[in-house]
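Have a look at final23.cif below; it lists mmCIF, C-alpha atoms and all ligand atoms.
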```
data_data
#
loop_
_atom_site.label_atom_id
_atom_site.label_comp_id
_atom_site.auth_asym_id
_atom_site.auth_seq_id
_atom_site.Cartn_x
_atom_site.Cartn_y
_atom_site.Cartn_z
CA MET O 1 -28.07 -2.48 -13.64
CA ALA O 2 -24.27 -2.66 -13.42
CA ARG O 3 -23.11 -4.39 -10.25
CA GLY O 4 -21.63 -2.33 -7.43
CA MET O 5 -23.60 0.83 -8.22
CA ARG O 6 -25.99 0.76 -5.31
CA VAL O 7 -25.52 2.96 -2.29
CA ALA O 8 -23.79 1.02 0.48
CA GLU O 9 -23.34 3.78 3.05
CA VAL O 10 -24.32 7.41 3.63
CA ARG O 11 -22.18 9.54 5.92
CA VAL O 12 -23.24 12.94 7.23
CA THR O 13 -20.52 14.92 9.03
CA PRO O 14 -21.28 18.25 10.71
CA ILE O 15 -18.44 20.75 10.48
CA ALA O 16 -17.69 24.27 11.72
CA PHE O 17 -15.37 26.69 9.95
CA ARG O 18 -14.06 30.17 10.76
CA ASP O 19 -16.39 33.01 9.78
CA PRO O 20 -15.62 36.75 10.15
CA PRO O 21 -17.85 39.16 12.14
CA LEU O 22 -20.03 40.16 9.18
CA LEU O 23 -23.02 42.38 9.92
CA ASN O 24 -26.54 42.00 8.62
CA VAL O 25 -30.10 42.86 9.60
CA ALA O 26 -30.22 39.92 12.02
CA GLY O 27 -27.03 40.86 13.88
CA VAL O 28 -23.50 39.62 13.29
CA HIS O 29 -21.99 36.33 12.19
CA GLU O 30 -20.72 34.12 14.97
CA PRO O 31 -17.06 32.98 14.94
CA TRP O 32 -18.05 29.59 13.53
CA ALA O 33 -20.35 28.79 10.60
CA LEU O 34 -21.94 25.35 10.44
CA ARG O 35 -22.30 23.04 7.44
CA SER O 36 -23.02 19.36 6.86
CA ILE O 37 -20.84 17.33 4.51
CA ILE O 38 -22.53 14.39 2.82
CA GLU O 39 -20.74 11.35 1.47
CA VAL O 40 -22.75 8.76 -0.43
CA VAL O 41 -20.62 5.64 -0.87
CA THR O 42 -21.41 2.96 -3.46
CA GLU O 43 -20.82 -0.80 -3.13
CA ASP O 44 -17.78 -0.27 -5.37
CA GLY O 45 -16.41 2.46 -3.10
CA LEU O 46 -17.12 5.56 -5.20
CA VAL O 47 -17.96 8.60 -3.07
CA GLY O 48 -20.52 11.24 -4.09
CA LEU O 49 -20.31 14.55 -2.21
CA GLY O 50 -22.85 17.09 -1.01
CA GLU O 51 -22.74 20.14 1.27
CA THR O 52 -25.60 21.91 3.01
CA TYR O 53 -26.67 23.67 6.22
CA GLY O 54 -25.28 22.38 9.50
CA GLU O 55 -27.97 23.71 11.83
CA GLU O 56 -29.45 21.13 14.17
CA VAL O 57 -32.79 20.85 12.33
CA THR O 58 -31.13 20.12 9.00
CA LEU O 59 -28.55 17.87 10.56
CA ALA O 60 -31.25 15.82 12.28
CA ASP O 61 -33.18 15.52 8.98
CA LEU O 62 -30.08 14.41 7.08
CA LEU O 63 -29.20 11.84 9.73
CA ALA O 64 -32.78 10.54 9.74
CA CYS O 65 -32.81 10.15 5.95
CA ALA O 66 -29.31 8.71 5.50
CA PRO O 67 -30.07 5.04 6.39
CA ALA O 68 -33.13 5.03 4.10
CA LEU O 69 -30.91 5.75 1.09
CA VAL O 70 -28.83 2.60 1.48
CA GLY O 71 -29.63 0.28 -1.41
CA VAL O 72 -30.84 3.00 -3.74
CA VAL O 73 -29.36 3.32 -7.24
CA PRO O 74 -27.97 6.87 -7.62
CA PHE O 75 -29.81 7.30 -10.95
CA ASP O 76 -33.15 6.81 -9.18
CA LEU O 77 -33.60 10.40 -8.01
CA ASN O 78 -37.37 10.00 -7.82
CA GLY O 79 -36.77 7.06 -5.48
CA VAL O 80 -34.41 9.18 -3.40
CA ARG O 81 -37.02 11.92 -3.14
CA ARG O 82 -39.77 9.43 -2.27
CA ARG O 83 -37.70 7.95 0.56
CA ILE O 84 -36.85 11.40 1.95
CA ASN O 85 -40.41 12.53 1.60
CA GLU O 86 -41.71 9.54 3.53
CA ILE O 87 -39.38 10.27 6.43
CA LEU O 88 -39.71 14.05 6.63
CA HIS O 89 -43.12 14.80 5.24
CA GLY O 90 -45.43 11.93 6.03
CA HIS O 91 -46.31 9.87 2.99
CA ASP O 92 -47.59 12.33 0.44
CA GLU O 93 -45.67 14.61 -1.85
CA ALA O 94 -47.01 18.14 -1.24
CA PRO O 95 -48.48 19.66 -4.40
CA ALA O 96 -45.99 22.23 -5.66
CA MET O 97 -48.73 24.82 -6.05
CA ILE O 98 -49.51 24.76 -2.33
CA PRO O 99 -46.47 25.25 -0.13
CA ALA O 100 -47.00 22.94 2.81
CA SER O 101 -45.22 22.81 6.11
CA GLY O 102 -42.25 20.51 5.71
CA THR O 103 -41.83 21.11 1.97
CA ARG O 104 -38.75 23.22 2.58
CA ARG O 105 -37.20 20.58 4.84
CA VAL O 106 -37.72 17.96 2.15
CA ASN O 107 -36.24 20.32 -0.44
CA VAL O 108 -33.20 21.02 1.74
CA ALA O 109 -32.51 17.34 2.44
CA PHE O 110 -33.21 16.26 -1.13
CA GLY O 111 -31.06 19.09 -2.49
CA ALA O 112 -28.11 17.86 -0.43
CA PHE O 113 -28.44 14.19 -1.35
CA GLU O 114 -29.32 14.89 -4.99
CA VAL O 115 -25.98 16.67 -5.50
CA ALA O 116 -24.15 13.65 -4.08
CA MET O 117 -26.16 11.25 -6.29
CA LEU O 118 -25.47 13.40 -9.37
CA ASP O 119 -21.79 13.46 -8.43
CA LEU O 120 -21.89 9.65 -8.48
CA GLN O 121 -23.76 9.59 -11.81
CA GLY O 122 -21.03 11.78 -13.30
CA GLN O 123 -18.36 9.48 -11.90
CA PHE O 124 -20.12 6.39 -13.35
CA ALA O 125 -20.30 8.06 -16.76
CA GLY O 126 -16.85 9.68 -16.51
CA VAL O 127 -18.25 13.12 -17.33
CA PRO O 128 -18.46 16.42 -15.42
CA LEU O 129 -21.77 17.18 -13.82
CA HIS O 130 -22.63 20.03 -16.17
CA VAL O 131 -22.52 17.51 -19.04
CA LEU O 132 -25.04 15.32 -17.22
CA LEU O 133 -27.23 18.38 -16.66
CA GLY O 134 -27.54 18.97 -20.37
CA GLY O 135 -24.27 20.68 -21.17
CA ALA O 136 -22.64 24.01 -20.39
CA VAL O 137 -23.85 27.19 -22.06
CA ARG O 138 -20.82 29.03 -20.60
CA GLU O 139 -17.34 27.90 -19.66
CA ARG O 140 -17.00 30.22 -16.67
CA VAL O 141 -19.64 31.22 -14.14
CA PRO O 142 -19.50 34.87 -12.98
CA TYR O 143 -19.77 35.73 -9.28
CA SER O 144 -20.25 39.10 -7.59
CA ALA O 145 -18.22 40.76 -4.84
CA TYR O 146 -20.30 40.32 -1.69
CA LEU O 147 -19.57 43.29 0.61
CA PHE O 148 -20.41 43.31 4.29
CA TYR O 149 -20.11 45.98 6.93
CA LYS O 150 -18.03 44.25 9.56
CA PHE O 151 -16.39 44.56 12.93
CA ALA O 152 -12.61 44.27 13.16
CA ARG O 153 -12.87 41.24 15.42
CA HIS O 154 -15.27 38.88 17.13
CA HIS O 155 -16.37 39.57 20.68
CA GLY O 156 -14.13 37.77 23.18
CA ASP O 157 -11.71 35.08 22.12
CA SER O 158 -12.79 33.29 18.98
CA GLY O 159 -9.99 30.77 19.45
CA TYR O 160 -8.21 31.68 16.22
CA PRO O 161 -6.33 34.67 14.78
CA THR O 162 -8.40 37.68 13.73
CA ASP O 163 -9.25 37.91 10.01
CA ASP O 164 -7.14 40.27 7.93
CA TRP O 165 -10.02 42.33 6.44
CA GLY O 166 -10.19 44.76 9.34
CA GLU O 167 -13.12 46.92 10.38
CA ALA O 168 -15.51 48.05 7.63
CA LEU O 169 -18.09 50.48 8.97
CA SER O 170 -17.27 53.77 7.26
CA HIS O 171 -17.82 54.55 3.57
CA ALA O 172 -14.05 54.73 3.02
CA GLN O 173 -13.52 51.35 4.68
CA MET O 174 -16.24 49.84 2.47
CA VAL O 175 -14.55 51.26 -0.64
CA ASP O 176 -11.29 49.66 0.54
CA GLN O 177 -13.11 46.35 0.99
CA THR O 178 -14.48 46.64 -2.53
CA ARG O 179 -11.02 47.40 -3.93
CA ARG O 180 -9.61 44.27 -2.34
CA MET O 181 -12.51 42.11 -3.59
CA VAL O 182 -12.13 43.47 -7.11
CA SER O 183 -8.34 43.35 -7.24
CA ASP O 184 -7.99 39.89 -5.64
CA TYR O 185 -10.84 38.18 -7.48
CA GLY O 186 -11.65 40.38 -10.46
CA PHE O 187 -15.36 40.60 -9.63
CA GLY O 188 -17.35 42.57 -12.17
CA SER O 189 -20.51 43.13 -10.06
CA ILE O 190 -20.90 44.32 -6.48
CA LYS O 191 -23.48 43.47 -3.83
CA LEU O 192 -23.74 45.32 -0.52
CA LYS O 193 -25.34 43.53 2.41
CA GLY O 194 -27.61 46.20 3.87
CA GLY O 195 -30.15 46.44 6.67
CA VAL O 196 -27.36 47.31 9.12
CA PHE O 197 -27.47 51.13 9.21
CA GLU O 198 -30.11 53.70 8.26
CA PRO O 199 -30.85 53.29 4.54
CA GLU O 200 -29.55 56.79 3.75
CA TYR O 201 -26.16 55.85 5.26
CA GLU O 202 -26.00 52.65 3.22
CA ILE O 203 -26.94 54.56 0.06
CA GLU O 204 -24.03 56.94 0.82
CA THR O 205 -21.79 53.88 0.95
CA LEU O 206 -23.16 52.77 -2.42
CA ARG O 207 -22.43 56.22 -3.87
CA ALA O 208 -18.84 56.07 -2.61
CA ILE O 209 -18.45 52.65 -4.23
CA ARG O 210 -20.06 53.96 -7.42
CA SER O 211 -17.51 56.81 -7.56
CA ALA O 212 -14.63 54.36 -7.20
CA PHE O 213 -16.15 51.79 -9.57
CA PRO O 214 -18.25 53.67 -12.12
CA ASP O 215 -18.90 50.64 -14.36
CA HIS O 216 -19.65 47.84 -11.89
CA PRO O 217 -23.34 46.93 -11.55
CA LEU O 218 -24.44 47.43 -7.92
CA ARG O 219 -27.01 45.75 -5.68
CA ILE O 220 -28.09 46.23 -2.09
CA ASP O 221 -29.82 43.61 0.06
CA PRO O 222 -31.36 44.77 3.38
CA ASN O 223 -32.93 41.31 3.96
CA GLY O 224 -36.41 42.71 4.51
CA GLY O 225 -35.10 45.27 6.97
CA TRP O 226 -36.95 48.24 5.48
CA SER O 227 -40.65 49.03 5.83
CA VAL O 228 -42.66 49.83 2.71
CA ALA O 229 -42.78 53.51 3.73
CA THR O 230 -39.00 53.63 4.24
CA THR O 231 -38.38 51.88 0.93
CA LEU O 232 -40.66 54.26 -0.95
CA ARG O 233 -38.91 57.19 0.73
CA VAL O 234 -35.44 56.11 -0.42
CA LEU O 235 -36.38 54.70 -3.85
CA PRO O 236 -35.68 58.01 -5.66
CA GLN O 237 -32.14 58.01 -4.20
CA LEU O 238 -31.58 54.57 -5.69
CA ASP O 239 -32.76 55.52 -9.19
CA GLY O 240 -30.09 54.73 -11.75
CA LEU O 241 -27.77 53.30 -9.07
CA LEU O 242 -28.77 49.62 -8.96
CA GLU O 243 -29.04 46.66 -11.32
CA TYR O 244 -31.52 45.28 -8.78
CA LEU O 245 -32.84 45.95 -5.29
CA GLU O 246 -32.87 42.75 -3.25
CA ASP O 247 -35.47 42.06 -0.55
CA PRO O 248 -35.98 45.61 0.72
CA THR O 249 -39.17 44.47 2.50
CA GLY O 250 -40.11 41.23 4.19
CA THR O 251 -43.27 39.88 2.53
CA LEU O 252 -44.51 39.20 -0.99
CA GLU O 253 -47.34 41.69 -0.53
CA GLU O 254 -44.93 44.42 0.57
CA MET O 255 -42.59 43.67 -2.31
CA GLY O 256 -45.63 44.01 -4.61
CA GLU O 257 -46.32 47.47 -3.15
CA VAL O 258 -42.72 48.55 -3.65
CA ALA O 259 -42.57 47.11 -7.18
CA LYS O 260 -45.39 49.43 -8.28
CA GLN O 261 -43.10 52.42 -7.65
CA ALA O 262 -39.64 50.98 -8.27
CA SER O 263 -37.66 51.94 -11.37
CA MET O 264 -35.29 49.00 -10.92
CA PRO O 265 -36.05 45.24 -10.78
CA LEU O 266 -36.70 43.76 -7.34
CA ALA O 267 -34.88 40.53 -6.49
CA THR O 268 -35.47 37.99 -3.74
CA ASN O 269 -34.14 35.03 -1.89
CA MET O 270 -36.64 35.56 0.94
CA VAL O 271 -40.21 35.91 -0.32
CA THR O 272 -40.24 33.51 -3.29
CA VAL O 273 -38.43 30.48 -1.96
CA GLU O 274 -40.32 27.52 -3.41
CA PHE O 275 -42.26 26.73 -6.56
CA GLY O 276 -45.59 27.17 -4.79
CA HIS O 277 -44.81 30.85 -4.23
CA ILE O 278 -44.46 31.61 -7.93
CA PRO O 279 -48.16 32.09 -8.83
CA LYS O 280 -48.63 34.77 -6.14
CA THR O 281 -45.29 36.36 -7.00
CA LEU O 282 -46.44 36.76 -10.60
CA ALA O 283 -49.95 37.88 -9.66
CA LEU O 284 -48.54 40.64 -7.45
CA GLY O 285 -45.73 41.52 -9.85
CA ALA O 286 -43.67 41.46 -6.66
CA VAL O 287 -40.33 40.23 -7.95
CA GLN O 288 -38.47 40.44 -11.25
CA VAL O 289 -35.35 38.43 -10.32
CA ILE O 290 -35.29 35.21 -8.29
CA LEU O 291 -32.08 34.26 -6.56
CA SER O 292 -32.02 30.53 -6.90
CA ASP O 293 -30.29 28.37 -4.34
CA HIS O 294 -30.04 24.63 -4.89
CA HIS O 295 -29.66 24.14 -1.13
CA TYR O 296 -33.33 25.00 -0.55
CA TRP O 297 -35.00 24.94 -3.96
CA GLY O 298 -34.51 21.15 -4.02
CA GLY O 299 -31.26 20.55 -5.85
CA LEU O 300 -29.63 21.18 -9.19
CA ARG O 301 -32.43 19.93 -11.43
CA SER O 302 -34.95 22.07 -9.53
CA THR O 303 -32.61 25.00 -10.09
CA GLN O 304 -32.77 24.28 -13.81
CA GLN O 305 -36.58 24.05 -13.63
CA LEU O 306 -36.67 27.40 -11.86
CA GLY O 307 -34.44 28.83 -14.56
CA HIS O 308 -36.87 27.52 -17.18
CA LEU O 309 -39.88 29.04 -15.39
CA GLY O 310 -37.94 32.29 -15.29
CA ARG O 311 -37.65 32.17 -19.08
CA VAL O 312 -41.36 31.39 -19.46
CA PHE O 313 -42.49 34.19 -17.17
CA GLY O 314 -39.80 36.76 -17.91
CA LEU O 315 -38.11 36.57 -14.51
CA GLY O 316 -34.36 37.09 -14.21
CA ILE O 317 -32.30 34.43 -12.41
CA SER O 318 -29.38 34.95 -10.09
CA MET O 319 -27.98 32.79 -7.26
CA HIS O 320 -28.12 33.21 -3.49
CA SER O 321 -25.47 32.18 -0.99
CA ASN O 322 -24.74 31.62 2.68
CA SER O 323 -21.34 31.01 4.28
CA HIS O 324 -20.13 27.87 2.46
CA LEU O 325 -17.16 25.82 1.30
CA GLY O 326 -15.98 24.33 -1.98
CA ILE O 327 -18.46 21.48 -2.47
CA SER O 328 -21.31 24.00 -2.53
CA LEU O 329 -19.33 26.31 -4.82
CA ALA O 330 -18.58 23.46 -7.22
CA ALA O 331 -22.29 22.52 -7.30
CA MET O 332 -23.38 26.15 -7.87
CA THR O 333 -20.85 26.45 -10.67
CA GLN O 334 -21.81 23.17 -12.34
CA VAL O 335 -25.49 24.12 -12.47
CA GLY O 336 -24.82 27.81 -13.14
CA ALA O 337 -22.97 26.80 -16.28
CA THR O 338 -26.14 25.18 -17.65
CA LEU O 339 -28.62 28.04 -17.05
CA PRO O 340 -29.06 30.04 -20.27
CA ASN O 341 -30.73 32.88 -18.38
CA LEU O 342 -28.28 33.28 -15.51
CA THR O 343 -28.06 36.90 -16.53
CA TYR O 344 -26.61 38.17 -13.25
CA ALA O 345 -23.37 37.29 -11.49
CA ALA O 346 -24.11 34.87 -8.62
CA ASP O 347 -23.62 35.68 -4.93
CA SER O 348 -20.99 33.84 -2.97
CA HIS O 349 -19.59 34.25 0.55
CA TYR O 350 -16.60 32.14 -0.50
CA PRO O 351 -13.94 34.91 -0.33
CA TRP O 352 -14.81 35.35 3.36
CA GLN O 353 -13.94 31.75 4.16
CA VAL O 354 -10.37 30.68 4.84
CA ASP O 355 -11.05 27.02 5.67
CA GLU O 356 -11.71 24.35 3.09
CA VAL O 357 -12.85 20.74 3.00
CA ILE O 358 -11.90 19.81 -0.57
CA ALA O 359 -8.57 18.41 -1.68
CA GLY O 360 -6.21 20.97 -3.21
CA GLY O 361 -7.46 23.90 -1.15
CA LYS O 362 -9.68 26.79 -2.21
CA LEU O 363 -11.14 27.01 -5.71
CA ARG O 364 -9.95 30.20 -7.42
CA PHE O 365 -12.00 32.98 -8.96
CA GLU O 366 -10.30 34.56 -11.92
CA GLY O 367 -11.67 37.60 -13.69
CA GLY O 368 -14.63 37.43 -11.30
CA ALA O 369 -15.61 33.97 -12.49
CA LEU O 370 -14.99 30.33 -11.71
CA ALA O 371 -13.93 28.01 -14.50
CA LEU O 372 -15.89 24.75 -14.59
CA PRO O 373 -14.32 22.00 -12.50
CA GLN O 374 -13.35 19.39 -15.12
CA GLY O 375 -13.10 16.07 -13.25
CA PRO O 376 -15.99 13.59 -13.40
CA GLY O 377 -19.11 14.52 -11.43
CA LEU O 378 -18.73 17.57 -9.22
CA GLY O 379 -15.01 17.66 -10.00
CA VAL O 380 -13.93 18.01 -6.38
CA THR O 381 -12.88 15.43 -3.79
CA LEU O 382 -12.66 15.46 -0.01
CA ASP O 383 -9.60 16.32 2.02
CA ARG O 384 -10.18 13.85 4.87
CA THR O 385 -7.70 15.49 7.20
CA ALA O 386 -9.48 18.81 6.74
CA LEU O 387 -12.87 17.14 7.24
CA ALA O 388 -11.69 15.63 10.55
CA ALA O 389 -10.31 19.00 11.72
CA LEU O 390 -13.50 20.86 10.77
CA HIS O 391 -15.60 18.20 12.49
CA ALA O 392 -13.47 18.65 15.61
CA ASN O 393 -14.25 22.40 15.38
CA PHE O 394 -17.94 21.52 15.31
CA LEU O 395 -17.68 19.37 18.40
CA ALA O 396 -15.69 22.03 20.27
CA CYS O 397 -17.43 25.26 19.22
CA GLY O 398 -20.74 24.59 20.99
CA ILE O 399 -22.81 26.34 18.28
CA ARG O 400 -25.68 24.22 17.05
CA ARG O 401 -27.78 26.80 15.25
CA ARG O 402 -26.96 30.17 13.77
CA ASP O 403 -27.89 33.04 16.08
CA ASP O 404 -26.62 36.39 14.76
CA GLY O 405 -28.85 38.31 17.19
CA SER O 406 -27.36 36.85 20.37
CA GLU O 407 -23.89 37.34 18.93
CA MET O 408 -24.71 41.00 18.25
CA ARG O 409 -25.90 41.53 21.83
CA LYS O 410 -22.41 40.56 23.03
CA HIS O 411 -21.18 43.69 21.20
CA GLN O 412 -24.22 45.90 21.88
CA PRO O 413 -26.32 44.60 24.80
CA ASP O 414 -29.33 46.82 23.90
CA TRP O 415 -29.41 45.71 20.24
CA GLN O 416 -32.94 44.88 19.05
CA GLY O 417 -33.58 42.53 16.18
CA ALA O 418 -37.17 43.47 15.34
CA ARG O 419 -37.93 43.84 11.64
CA PRO O 420 -38.46 46.04 9.79
CA ARG O 421 -35.54 47.76 11.50
CA PHE O 422 -35.94 50.94 9.49
O1 LIG Z 1 -24.58 35.84 5.51
O2 LIG Z 1 -25.33 37.52 6.66
C1 LIG Z 1 -25.39 36.76 5.70
C2 LIG Z 1 -26.48 36.93 4.68
O3 LIG Z 1 -27.35 37.94 5.09
C3 LIG Z 1 -27.23 35.65 4.47
O4 LIG Z 1 -27.71 35.16 5.70
C4 LIG Z 1 -28.39 35.79 3.52
O5 LIG Z 1 -29.11 34.61 3.48
O6 LIG Z 1 -26.75 36.18 1.78
C5 LIG Z 1 -28.04 36.00 2.08
C6 LIG Z 1 -28.98 36.88 1.30
O7 LIG Z 1 -28.69 37.22 0.17
O8 LIG Z 1 -30.05 37.19 1.79
MG MG Z 2 -30.56 38.20 -0.14
#
```
Let me see the structure of the file written as structure tokens.
Ligand code: GKR
Ligand code: MG
Amino acid sequence: MARGMRVAEVRVTPIAFRDPPLLNVAGVHEPWALRSIIEVVTEDGLVGLGETYGEEVTLADLLACAPALVGVVPFDLNGVRRRINEILHGHDEAPAMIPASGTRRVNVAFGAFEVAMLDLQGQFAGVPLHVLLGGAVRERVPYSAYLFYKFARHHGDSGYPTDDWGEALSHAQMVDQTRRMVSDYGFGSIKLKGGVFEPEYEIETLRAIRSAFPDHPLRIDPNGGWSVATTLRVLPQLDGLLEYLEDPTGTLEEMGEVAKQASMPLATNMVTVEFGHIPKTLALGAVQVILSDHHYWGGLRSTQQLGHLGRVFGLGISMHSNSHLGISLAAMTQVGATLPNLTYAADSHYPWQVDEVIAGGKLRFEGGALALPQGPGLGVTLDRTALAALHANFLACGIRRRDDGSEMRKHQPDWQGARPRF
């Protein structure tokens, strides 16, 4: 083992960045979105980066695991997982076939630290992360426009200037939002976040977008906000309109019911969220496309394993997103480049975010895709001034876990969050 490679320090910094008032089935985004930034520092002073959720549960898990990783060699990913597992999950690795309570927390924490360890491995070897992961099968990773109905401004004083996207509640406003997404970033696929209004209204929005963009594949994602009966009622209106229908209903069983009648593939980032869910997913024929997410599937190598299972079982693979910054986008892009069957453009909230934590500012989509970062490892480095400012936001904003429902009740006091909403 070369000297100086071992982990000397692990830093976990919670941050908060500006987030617009985007609507979804659970309510509306708060003015600040939370993330955790991970720095794994070697004896020689190299820094591996990771980014994940900043909610208090995840933050507490990351902080609990961090000291246990000191002394580890970044190539020993099984050792990293074992140490995390011992802290968060008792002493035994849960069998993948049987999702056990705590598995997701281990996967989230491991996913965050694994990216940082892989970043270090790439830096040791002087190669980009996609090379370490077996090599790129594409030079650019396509992303989709991610449309949200939104309010013009947050309730009360968010403490910063209002975003420049404006209100988007009418069909015409949503078409305008699409135009800006497509003209600014060149996106070639379009996803509408649904579950906000009656399905028929959202389908009208989709039709308006279809008229303006006849060739762009479309998706809608009500986040389990529709009942089976509602979904079956509106399915005929969606015939021929969608490349996939994402999480119309909230359980695997319900998705299985819908799949029997659906003419389009069903996709999910809600009902099949760990390897142990795959046997039942297949048995029910509930889902045809899994939206992978290295933040909760257990890292970049797990994402590749999921991609491989997709090939074996004929499932399509796409990628899920939450509000995030450039370290997450770099990681998604590095792994996305290595998945032969990433046959759909990946989701990303990135265009909605104006803040950044990486040096050089925002990464740039061109022609709807992100070119592979070329530096060693992840290919991005930290802007320490930005990190300090975003950490100060975290300390000041008072938000410690995402709560879109309470935020929504500031706008509409009688708003109910029960699902299915429709
Ligand atoms: O940011 O409002 C949002 C999304 O609804 C997010 O929370 C979802 O996790 O984007 C996600 C999805 O595809 O379900
Ligand atoms: Mg989704």
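When all atoms listed in the file are used to measure the gap to O:Trp165, the shortest distance among O:Val354, O:Ala396, O:Ile84, O:Leu77 belongs to O:Val354.
Using all atoms listed in the file, the smallest distance between any of O:Gln416, O:Gln305, O:Gln374, O:Thr42 and O:Arg140 comes from O:Gln374.
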Separation of atom CA of O:Asp44 from atom CA of O:His294 in Å: 27.8 Å
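Distances here use only C-alpha atoms; by that measure, the residue among O:Glu51, O:Glu200, O:Glu407, O:Asp76 closest to O:Ala109 is O:Glu51.
Of the residues listed (O:Ala359, O:Ala331, O:Ala388, O:Ile290), O:Ala331 shows the shortest atom-to-atom separation from O:Glu114; distances use all atoms listed in the file.
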For ligand MG 2 (chain Z), collect every residue having any atom at a distance of at most 6 Å from a ligand atom (counting all atoms listed in the file); output as a VMD selection string. chain O and resid 221 223 246 269
The distance between atom CA of O:Tyr146 and atom CA of O:Gly54 is 21.7 Å
Option closest in space to O:Ser158, from O:Arg18, O:Arg3, O:Ser321, O:Pro199 [counting only C-alpha atoms]: O:Arg18
Output as lines of an AutoDock Vina configuration file the centre and edge lengths (Å, one decimal) of the box along x, y and z of the file that holds every listed atom of stretch 124-137 of chain O after adding 6 Å on each side.
```
center_x = -22.2
center_y = 16.8
center_z = -17.7
size_x = 22.7
size_y = 32.8
size_z = 20.7
```
Env. residues ligand LIG 1 (chain Z) / 8 Å / all atoms listed in the file / as a list in words: Leu22, Leu23, Asn24, Val25, Ala26, Val28, His29, Phe148, Lys193, Asp221, Pro222, Asn223, Glu246, Asp247, Thr268, Asn269, Met270, His320, Ser321, Asn322, Ser323, Asp347, Ser348 and His349 of chain O
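Of the residues under consideration (O:Ile87, O:Val127, O:Leu339, O:Ala33), O:Leu339 shows the shortest atom-to-atom contact distance to O:His308 when counting all atoms listed in the file.
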Could you pull the residues within 12 Å of O:Thr58, counting all atoms listed in the file, minus those fewer than 5 positions along the same chain, as a PyMOL selection string? chain O and resi 12-14+34-37+51-53+63-65+88+102+104-112+295-296+400-402
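As for atom CA of O:Phe17 and atom CA of O:Gly188, they are spaced 27.3 Å apart.
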List the spatial neighbours of stretch 215-217 of chain O as a PyMOL selection string - criterion: any atom at most 8 Å away, all atoms listed in the file, same-chain residues fewer than 4 positions off excluded. chain O and resi 188-190+210+242-243
Using the incomplete input, complete stretch 248-259 of chain O to the level of N, CA and C atoms; output as an mmCIF file, in the frame of the given file.
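Contents of rebuild_34.cif, as written:
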```cif
data_model
loop_
_atom_site.group_PDB
_atom_site.id
_atom_site.type_symbol
_atom_site.label_atom_id
_atom_site.label_comp_id
_atom_site.auth_asym_id
_atom_site.auth_seq_id
_atom_site.Cartn_x
_atom_site.Cartn_y
_atom_site.Cartn_z
ATOM 1 N N PRO O 248 -35.886 44.456 -0.177
ATOM 2 C CA PRO O 248 -35.980 45.610 0.720
ATOM 3 C C PRO O 248 -36.975 45.343 1.845
ATOM 4 N N THR O 249 -38.105 44.700 1.513
ATOM 5 C CA THR O 249 -39.170 44.470 2.500
ATOM 6 C C THR O 249 -39.367 42.959 2.685
ATOM 7 N N GLY O 250 -40.138 42.613 3.730
ATOM 8 C CA GLY O 250 -40.110 41.230 4.190
ATOM 9 C C GLY O 250 -41.209 40.302 3.720
ATOM 10 N N THR O 251 -42.222 40.797 2.985
ATOM 11 C CA THR O 251 -43.270 39.880 2.530
ATOM 12 C C THR O 251 -43.524 40.091 1.032
ATOM 13 N N LEU O 252 -44.166 39.098 0.440
ATOM 14 C CA LEU O 252 -44.510 39.200 -0.990
ATOM 15 C C LEU O 252 -45.406 40.393 -1.247
ATOM 16 N N GLU O 253 -46.390 40.588 -0.346
ATOM 17 C CA GLU O 253 -47.340 41.690 -0.530
ATOM 18 C C GLU O 253 -46.602 43.033 -0.493
ATOM 19 N N GLU O 254 -45.681 43.164 0.458
ATOM 20 C CA GLU O 254 -44.930 44.420 0.570
ATOM 21 C C GLU O 254 -44.037 44.628 -0.653
ATOM 22 N N MET O 255 -43.434 43.554 -1.115
ATOM 23 C CA MET O 255 -42.590 43.670 -2.310
ATOM 24 C C MET O 255 -43.455 44.121 -3.496
ATOM 25 N N GLY O 256 -44.706 43.606 -3.544
ATOM 26 C CA GLY O 256 -45.630 44.010 -4.610
ATOM 27 C C GLY O 256 -45.916 45.503 -4.541
ATOM 28 N N GLU O 257 -46.084 46.022 -3.315
ATOM 29 C CA GLU O 257 -46.320 47.470 -3.150
ATOM 30 C C GLU O 257 -45.126 48.275 -3.647
ATOM 31 N N VAL O 258 -43.935 47.831 -3.258
ATOM 32 C CA VAL O 258 -42.720 48.550 -3.650
ATOM 33 C C VAL O 258 -42.543 48.482 -5.167
ATOM 34 N N ALA O 259 -42.810 47.305 -5.731
ATOM 35 C CA ALA O 259 -42.570 47.110 -7.180
ATOM 36 C C ALA O 259 -43.369 48.097 -8.022
#
```
